[in-house]
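Next comes start_12.pdb, with PDB, C-alpha atoms, pLDDT in the B column.
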MODEL        1
ATOM      1  CA  MET W   1     -12.903  28.415  52.854  1.00 53.00           C
ATOM      2  CA  VAL W   2     -10.407  29.818  55.364  1.00 72.00           C
ATOM      3  CA  THR W   3     -11.974  31.955  58.064  1.00 75.00           C
ATOM      4  CA  LEU W   4     -10.782  35.461  58.756  1.00 83.00           C
ATOM      5  CA  ASP W   5     -11.917  37.679  61.603  1.00 90.00           C
ATOM      6  CA  ALA W   6     -10.752  40.697  63.608  1.00 93.00           C
ATOM      7  CA  ARG W   7      -8.316  38.556  65.657  1.00 95.00           C
ATOM      8  CA  HIS W   8      -6.365  38.014  62.443  1.00 96.00           C
ATOM      9  CA  VAL W   9      -5.629  41.722  61.892  1.00 97.00           C
ATOM     10  CA  ALA W  10      -3.078  44.118  63.429  1.00 98.00           C
ATOM     11  CA  LEU W  11      -3.563  47.800  62.556  1.00 97.00           C
ATOM     12  CA  ASN W  12      -1.423  50.934  62.454  1.00 97.00           C
ATOM     13  CA  LEU W  13       1.899  49.282  63.133  1.00 98.00           C
ATOM     14  CA  ARG W  14       5.067  51.329  63.177  1.00 97.00           C
ATOM     15  CA  PRO W  15       7.730  50.511  60.593  1.00 96.00           C
ATOM     16  CA  GLU W  16      10.097  47.751  61.626  1.00 98.00           C
ATOM     17  CA  PRO W  17      12.720  45.633  59.894  1.00 98.00           C
ATOM     18  CA  LYS W  18      11.347  43.132  57.377  1.00 97.00           C
ATOM     19  CA  GLU W  19      12.399  40.144  59.484  1.00 98.00           C
ATOM     20  CA  ASP W  20      10.527  41.556  62.499  1.00 98.00           C
ATOM     21  CA  ALA W  21       7.402  42.103  60.390  1.00 98.00           C
ATOM     22  CA  ILE W  22       7.586  38.504  59.154  1.00 98.00           C
ATOM     23  CA  ARG W  23       8.083  37.224  62.700  1.00 98.00           C
ATOM     24  CA  ARG W  24       5.098  39.336  63.816  1.00 98.00           C
ATOM     25  CA  VAL W  25       2.708  37.737  61.313  1.00 98.00           C
ATOM     26  CA  GLY W  26       4.257  34.349  62.045  1.00 98.00           C
ATOM     27  CA  ARG W  27       3.589  34.788  65.770  1.00 98.00           C
ATOM     28  CA  MET W  28       0.030  35.792  64.968  1.00 98.00           C
ATOM     29  CA  LEU W  29      -0.411  32.519  63.057  1.00 97.00           C
ATOM     30  CA  VAL W  30       1.091  30.613  66.016  1.00 98.00           C
ATOM     31  CA  ASP W  31      -1.026  32.436  68.607  1.00 97.00           C
ATOM     32  CA  LEU W  32      -4.206  31.738  66.628  1.00 96.00           C
ATOM     33  CA  GLY W  33      -3.369  28.028  66.443  1.00 95.00           C
ATOM     34  CA  HIS W  34      -2.785  27.857  62.686  1.00 95.00           C
ATOM     35  CA  VAL W  35       0.864  26.809  62.852  1.00 97.00           C
ATOM     36  CA  GLU W  36       3.527  25.503  65.208  1.00 98.00           C
ATOM     37  CA  ALA W  37       6.459  27.778  66.104  1.00 98.00           C
ATOM     38  CA  PRO W  38       9.010  26.269  63.639  1.00 98.00           C
ATOM     39  CA  TYR W  39       6.835  27.540  60.772  1.00 98.00           C
ATOM     40  CA  VAL W  40       7.928  31.097  61.621  1.00 98.00           C
ATOM     41  CA  ASP W  41      11.591  30.252  61.005  1.00 98.00           C
ATOM     42  CA  SER W  42      10.568  28.717  57.699  1.00 97.00           C
ATOM     43  CA  MET W  43       8.891  32.016  56.754  1.00 97.00           C
ATOM     44  CA  ILE W  44      12.215  33.795  57.403  1.00 98.00           C
ATOM     45  CA  GLU W  45      14.033  31.144  55.359  1.00 97.00           C
ATOM     46  CA  ARG W  46      11.605  31.662  52.457  1.00 96.00           C
ATOM     47  CA  GLU W  47      12.222  35.413  52.496  1.00 97.00           C
ATOM     48  CA  ALA W  48      15.991  34.836  52.483  1.00 96.00           C
ATOM     49  CA  SER W  49      15.708  32.658  49.369  1.00 95.00           C
ATOM     50  CA  THR W  50      13.229  34.811  47.443  1.00 94.00           C
ATOM     51  CA  THR W  51      11.275  37.908  48.359  1.00 95.00           C
ATOM     52  CA  THR W  52       7.638  37.544  49.273  1.00 94.00           C
ATOM     53  CA  TYR W  53       6.950  41.115  48.174  1.00 95.00           C
ATOM     54  CA  ILE W  54       4.445  40.784  45.312  1.00 91.00           C
ATOM     55  CA  GLY W  55       4.061  44.449  44.344  1.00 91.00           C
ATOM     56  CA  ASN W  56       1.366  47.037  44.920  1.00 92.00           C
ATOM     57  CA  GLY W  57       2.527  47.530  48.529  1.00 94.00           C
ATOM     58  CA  ILE W  58       1.877  43.892  49.508  1.00 95.00           C
ATOM     59  CA  ALA W  59       4.132  41.170  50.930  1.00 96.00           C
ATOM     60  CA  ILE W  60       2.847  37.644  51.568  1.00 94.00           C
ATOM     61  CA  PRO W  61       5.283  35.788  53.807  1.00 96.00           C
ATOM     62  CA  HIS W  62       4.760  32.040  54.001  1.00 94.00           C
ATOM     63  CA  GLY W  63       6.793  28.973  54.815  1.00 94.00           C
ATOM     64  CA  MET W  64       8.996  26.773  52.659  1.00 93.00           C
ATOM     65  CA  PRO W  65       7.405  23.669  51.114  1.00 90.00           C
ATOM     66  CA  ASP W  66       8.882  21.365  53.754  1.00 93.00           C
ATOM     67  CA  SER W  67       7.242  23.398  56.552  1.00 94.00           C
ATOM     68  CA  VAL W  68       3.751  22.118  55.758  1.00 93.00           C
ATOM     69  CA  LYS W  69       4.194  19.620  58.597  1.00 96.00           C
ATOM     70  CA  TYR W  70       3.966  22.576  61.010  1.00 97.00           C
ATOM     71  CA  ILE W  71       0.600  23.769  59.705  1.00 96.00           C
ATOM     72  CA  ARG W  72      -2.288  22.771  61.967  1.00 94.00           C
ATOM     73  CA  ALA W  73      -5.017  24.610  60.062  1.00 92.00           C
ATOM     74  CA  SER W  74      -4.896  26.979  57.099  1.00 91.00           C
ATOM     75  CA  GLY W  75      -4.889  30.603  58.097  1.00 91.00           C
ATOM     76  CA  ILE W  76      -4.324  34.181  57.039  1.00 92.00           C
ATOM     77  CA  VAL W  77      -3.274  37.189  59.113  1.00 96.00           C
ATOM     78  CA  VAL W  78      -2.835  40.820  58.119  1.00 97.00           C
ATOM     79  CA  ALA W  79      -0.428  43.405  59.523  1.00 98.00           C
ATOM     80  CA  GLN W  80      -1.084  46.957  58.341  1.00 98.00           C
ATOM     81  CA  TYR W  81       1.897  49.322  58.193  1.00 98.00           C
ATOM     82  CA  PRO W  82       0.736  52.787  57.043  1.00 96.00           C
ATOM     83  CA  ASP W  83       4.360  53.949  56.675  1.00 96.00           C
ATOM     84  CA  GLY W  84       5.479  50.649  55.173  1.00 97.00           C
ATOM     85  CA  VAL W  85       8.171  48.053  55.775  1.00 98.00           C
ATOM     86  CA  ASP W  86      11.240  47.925  53.542  1.00 97.00           C
ATOM     87  CA  PHE W  87      11.209  44.690  51.533  1.00 96.00           C
ATOM     88  CA  GLY W  88      14.470  45.069  49.624  1.00 91.00           C
ATOM     89  CA  GLY W  89      13.818  48.581  48.345  1.00 94.00           C
ATOM     90  CA  GLU W  90      10.056  48.130  48.031  1.00 96.00           C
ATOM     91  CA  ARG W  91       7.598  49.353  50.696  1.00 97.00           C
ATOM     92  CA  ALA W  92       5.041  46.841  51.921  1.00 97.00           C
ATOM     93  CA  HIS W  93       2.091  48.536  53.603  1.00 97.00           C
ATOM     94  CA  LEU W  94       0.364  45.210  54.125  1.00 97.00           C
ATOM     95  CA  VAL W  95       2.233  42.135  55.328  1.00 97.00           C
ATOM     96  CA  ILE W  96      -0.121  39.194  54.916  1.00 96.00           C
ATOM     97  CA  GLY W  97       1.050  35.991  56.572  1.00 96.00           C
ATOM     98  CA  ILE W  98      -0.408  32.782  55.232  1.00 93.00           C
ATOM     99  CA  ALA W  99      -0.267  29.086  56.012  1.00 93.00           C
ATOM    100  CA  GLY W 100      -2.160  26.722  53.779  1.00 87.00           C
ATOM    101  CA  LYS W 101      -2.696  22.988  53.864  1.00 83.00           C
ATOM    102  CA  GLY W 102      -3.000  21.279  50.495  1.00 78.00           C
ATOM    103  CA  GLU W 103      -4.993  23.224  47.922  1.00 77.00           C
ATOM    104  CA  GLU W 104      -5.986  25.833  50.507  1.00 75.00           C
ATOM    105  CA  HIS W 105      -2.536  27.403  50.033  1.00 71.00           C
ATOM    106  CA  MET W 106      -3.470  28.318  46.462  1.00 76.00           C
ATOM    107  CA  GLU W 107      -6.954  29.430  47.551  1.00 77.00           C
ATOM    108  CA  LEU W 108      -5.387  31.906  49.982  1.00 75.00           C
ATOM    109  CA  LEU W 109      -2.970  33.288  47.406  1.00 78.00           C
ATOM    110  CA  SER W 110      -5.735  33.550  44.824  1.00 81.00           C
ATOM    111  CA  ARG W 111      -8.069  35.392  47.193  1.00 80.00           C
ATOM    112  CA  ILE W 112      -5.351  37.886  48.147  1.00 85.00           C
ATOM    113  CA  ALA W 113      -4.250  38.393  44.539  1.00 84.00           C
ATOM    114  CA  THR W 114      -7.818  38.963  43.353  1.00 86.00           C
ATOM    115  CA  VAL W 115      -8.454  41.659  45.946  1.00 88.00           C
ATOM    116  CA  CYS W 116      -5.014  43.262  45.792  1.00 87.00           C
ATOM    117  CA  MET W 117      -4.649  43.592  42.038  1.00 88.00           C
ATOM    118  CA  ASP W 118      -7.179  46.422  42.327  1.00 89.00           C
ATOM    119  CA  GLU W 119      -5.223  49.430  43.603  1.00 91.00           C
ATOM    120  CA  ALA W 120      -8.402  50.926  45.069  1.00 93.00           C
ATOM    121  CA  ASN W 121      -8.760  47.853  47.306  1.00 92.00           C
ATOM    122  CA  VAL W 122      -5.130  48.142  48.427  1.00 93.00           C
ATOM    123  CA  THR W 123      -5.655  51.814  49.281  1.00 94.00           C
ATOM    124  CA  ARG W 124      -8.771  50.897  51.270  1.00 95.00           C
ATOM    125  CA  LEU W 125      -6.829  48.154  53.113  1.00 95.00           C
ATOM    126  CA  VAL W 126      -3.935  50.494  53.956  1.00 94.00           C
ATOM    127  CA  GLN W 127      -6.322  53.206  55.161  1.00 95.00           C
ATOM    128  CA  ALA W 128      -8.713  50.883  57.007  1.00 96.00           C
ATOM    129  CA  SER W 129      -9.361  51.988  60.560  1.00 96.00           C
ATOM    130  CA  SER W 130     -10.823  48.764  61.933  1.00 96.00           C
ATOM    131  CA  PRO W 131     -10.007  45.058  61.670  1.00 96.00           C
ATOM    132  CA  ASP W 132     -13.581  44.390  60.521  1.00 95.00           C
ATOM    133  CA  GLU W 133     -13.063  46.729  57.576  1.00 95.00           C
ATOM    134  CA  ILE W 134      -9.996  44.768  56.457  1.00 94.00           C
ATOM    135  CA  VAL W 135     -11.858  41.481  56.857  1.00 92.00           C
ATOM    136  CA  ALA W 136     -14.758  42.778  54.748  1.00 92.00           C
ATOM    137  CA  ILE W 137     -12.475  43.935  51.946  1.00 91.00           C
ATOM    138  CA  LEU W 138     -10.533  40.646  51.827  1.00 87.00           C
ATOM    139  CA  GLU W 139     -13.720  38.602  51.941  1.00 84.00           C
ATOM    140  CA  SER W 140     -15.157  40.556  49.004  1.00 81.00           C
ATOM    141  CA  ALA W 141     -13.098  38.405  46.630  1.00 66.00           C
ATOM    142  CA  PRO W 142     -15.147  35.947  44.619  1.00 63.00           C
TER     143      PRO W 142
ENDMDL
END
Structure encoded using structure tokens:
Amino acid sequence: MVTLDARHVALNLRPEPKEDAIRRVGRMLVDLGHVEAPYVDSMIEREASTTTYIGNGIAIPHGMPDSVKYIRASGIVVAQYPDGVDFGGERAHLVIGIAGKGEEHMELLSRIATVCMDEANVTRLVQASSPDEIVAILESAP
């Protein structure tokens, strides 16, 4: 299982362009040692080819398939934008950056999808006032 703690969460961010939000979560993954810097450019490339906005106020930027070589250890980071980030006409209030090695990529997506398909959980995540609260909600997934 991929670990998640308060260092993986950024709260109450002001709206910024989508590319900046993706670079922010990418830098978080780099700073935490999950990925090497070129992975961030791959996240931007992925967004240019197909949106990572999945609905319900959530975007999950991640790298292209060939960027797996830049992943050191699977990881997840969360950037909370109470006023949202424009993802092609949709507002993402949570930008969740992921990097997964092997099957852990699907584990990360599954965990996020399980928690975020419940609108009450998304509301709690968007309104969370501490990183620990976000961690607890995301780790509540089976």
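Take CA of Arg91 in chain W and CA of Glu103 in chain W: the distance between them is 29.1 Å.
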### Message
Would you compute the distance between CA of Ile112 in chain W and CA of Leu138 in chain W? Give it in Å to one decimal.
### Response
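Separation of CA of Ile112 in chain W and CA of Leu138 in chain W: 6.9 Å.
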### Task
Give me the result of the PyMOL selection byres ((chain W and resi 19) around 12) on this file, residue by residue, as JSON, numbers by chain.
{"W": [15, 16, 17, 18, 20, 21, 22, 23, 24, 25, 26, 40, 41, 42, 43, 44, 45, 46, 47, 48, 51, 52, 59, 61, 85, 86, 87, 88, 95]}
#### Entry: Spatial neighbours of Ser74 in chain W, max dist 7 Å, all atoms listed in the file, sep filter under 3 positions, as a PyMOL selection string
chain W and resi 2+34+71+99-101+104
### Task
Would you please work out which residue, of W:Asn56, W:Val122, W:Asp66, W:Arg14, is nearest to Gly84 in chain W when using all atoms listed in the file?
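The closest residue to Gly84 in chain W is W:Arg14.
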